[in-house]
Amino acid sequence: MKKSEIVSYSYKGFRTAAAALYYLRFDMENAEFFGKKRHFISEKCRVSGDFFKDYKKKWLPWSSSFFLARKELEVYCHLGGGQSMDYTPWNVWFTSIDPSLNNKELAWAYAEKGNYRKLYGIDNEPLSFFRFLNGISYDAYGGRIAEPEVFFEKELKNQTKVLVKPVIDSWGGKNILVFERNNRGGWECVNDEVDLSLKNLIACYKGNFVVQEYLDAHPFFKRFNSTSFNTLRVYVYRSVKDEQVHILHTLLKVGGKGNVVDNIAAGGHFFYIQPDGKFLYGRSSELEKVKVVPDDSGQLLSDLPEVPGFEKIKALAQKIALQTPFHRLLALDMNIDSTGKVRIIELNLSEAGGGMQLFGVPFLGTFTDEVIEYCKTHKKVNFLKI
């Protein structure tokens with residue numbers, strides 16, 4: 001055997017081992033996360049050994065995961081109020097389902113912020129009047145900017161409040177900055193201590209960011225938290241059997257009091273919206289059940305009318321899903337603004353989040369078995385690149 005062949009085989013072996021360790025790490029992290037939620041598990045919701053054995057038979061043999069966390073299943077059963085074999089283990093989603101349904105290598109390209117107009121032929125994204133991509137400056141329509149500093153300052157004169165975020169990664173609301181004019185006409189960062197200058201932004205974001213108009217939330221959603229936009233996360237699935245697009249779930253994400261982003265990790269709430277646009281109930285960041293609007297009014301969620309603009313929001317989500325051929329499951333952050341116009345804030349083409357299972361609703365629903373069969377026979381995209 002040639003020396004180069006020995007090196008090649010050794011390299012393949014190390015890659016396989018490294019990938020296995022990567023998946024094992026996620027299995028362990030998932031188990032540790034749900035192990036900390038043991039106080040949500042009552043005796044009546046503990047699953048029997050036989051039930052868990054059948055659950056493992058359904059999910060584990062075909063996946064790249066090494067084990068399932070029994071406590072994860074018990075948390076879902078407790079919070080959802082019933083047992084189900086269809087609850088998706090989140091480590092199996094990460095290691096085996098997401099890489100099969102979605103091409104994670106292309107995810108960032110199809111989710112590039114400020115470029116949805118060009119990618120999907122829509123006019124629903126907040127206006128990104130300044131885009132800095134890989135060291136090159138662009139305007140809202142993709143035109144090159146000859147004098148970035150001059151253009152940037154000129155555009156800022158037309159704004160009173162702006163939002164800055166990374167081009168391809170702002171998961172969990174990280175690195176999102178909001179700037180607002182103060183009484184003296186200067187700019188102040190609402191949620192950090194950063195000066196609004198092109199030089200500073202380039203340094204903060206390492207050369208890749210967009211500066212967008214700040215959207216005012218619709219009054220219906222603003223009452224949940226006045227300082228964040230409060231987006232609807234719409235989960236869309238394009239069937240592996242017939243290519244039909246289906247809305248799986250809709251969750252309303254609400255920011256914590258005083259926060260400008262609506263991610264749950266920062267003390268927010270999330271609420272399950274039923275297919276008819278009515279609220280089921282919500283959960284706090286500590287997973288406590290919420291039955292009232294979190295605005296101190298005490299109004300029951302069940303008394304609220306249908307979410308405004310709901311059908312238009314779902315229709316736009318389905319339209320976008322038909323234009324992402326390499327991704328079968330999308331999680332879109334959307335809502336309507338103060339004028340009633342549907343807005344799309346962000347596309348998530350991987351790492352969708354499984355919050356709906358905390359409401360007793362299996363992630364893949366009636367499509368669980370068809371997805372499992374698909375994943376058994378289709379090679380997943382190697383996104384690790386180890």
# chains A, B, ... in the order shown; residues from 1 in each chain; ligands from 1
>>> select_by_dssp(residues="segment 111-244 of chain A", states="helix (DSSP H, G or I)", output="list of chain:residue names")
A:Tyr116, A:Arg117, A:Lys118, A:Leu119, A:Tyr120, A:Pro148, A:Glu149, A:Val150, A:Phe151, A:Phe152, A:Glu153, A:Lys154, A:Glu155, A:Leu156, A:Trp171, A:Gly172, A:Gly173, A:Leu198, A:Lys199, A:Asn200, A:Leu201, A:Ile202, A:Ala203, A:Cys204, A:Tyr205, A:Pro219, A:Phe220, A:Phe221, A:Lys222
>>> closest_atom_pairs(of="segment 58-116 of chain A", to="segment 341-363 of chain A", cutoff="6 Å", atoms="only C-alpha atoms", output="CSV")
residue,atom,partner,partner_atom,distance
A:Tyr76,CA,A:Leu358,CA,5.5
A:Leu79,CA,A:Leu358,CA,5.6
A:Gly80,CA,A:Gly360,CA,3.3
A:Asp86,CA,A:Pro362,CA,5.7
A:Tyr87,CA,A:Pro362,CA,4.6
A:Ala107,CA,A:Leu349,CA,5.5
A:Ala111,CA,A:Leu347,CA,5.4
>>> closest_residue(among="A:Ser226, A:Ser285, A:Gln212, A:Asn124", to="Glu155 of chain A", atoms="only C-alpha atoms")
A:Gln212
>>> select_by_dssp(residues="segment 187-373 of chain A", states="strand (DSSP E)", output="ChimeraX atom specification")
/A:187-189,209-213,232-238,245-254,269-273,279-284,289-290,329-336,342-348
>>> closest_residue(among="A:Ser137, A:Thr250, A:Thr88, A:Asn102", to="Phe271 of chain A", atoms="only C-alpha atoms")
A:Thr250
>>> closest_residue(among="A:Val167, A:Val210, A:Leu156, A:Arg238", to="Arg181 of chain A", atoms="only C-alpha atoms")
A:Leu156
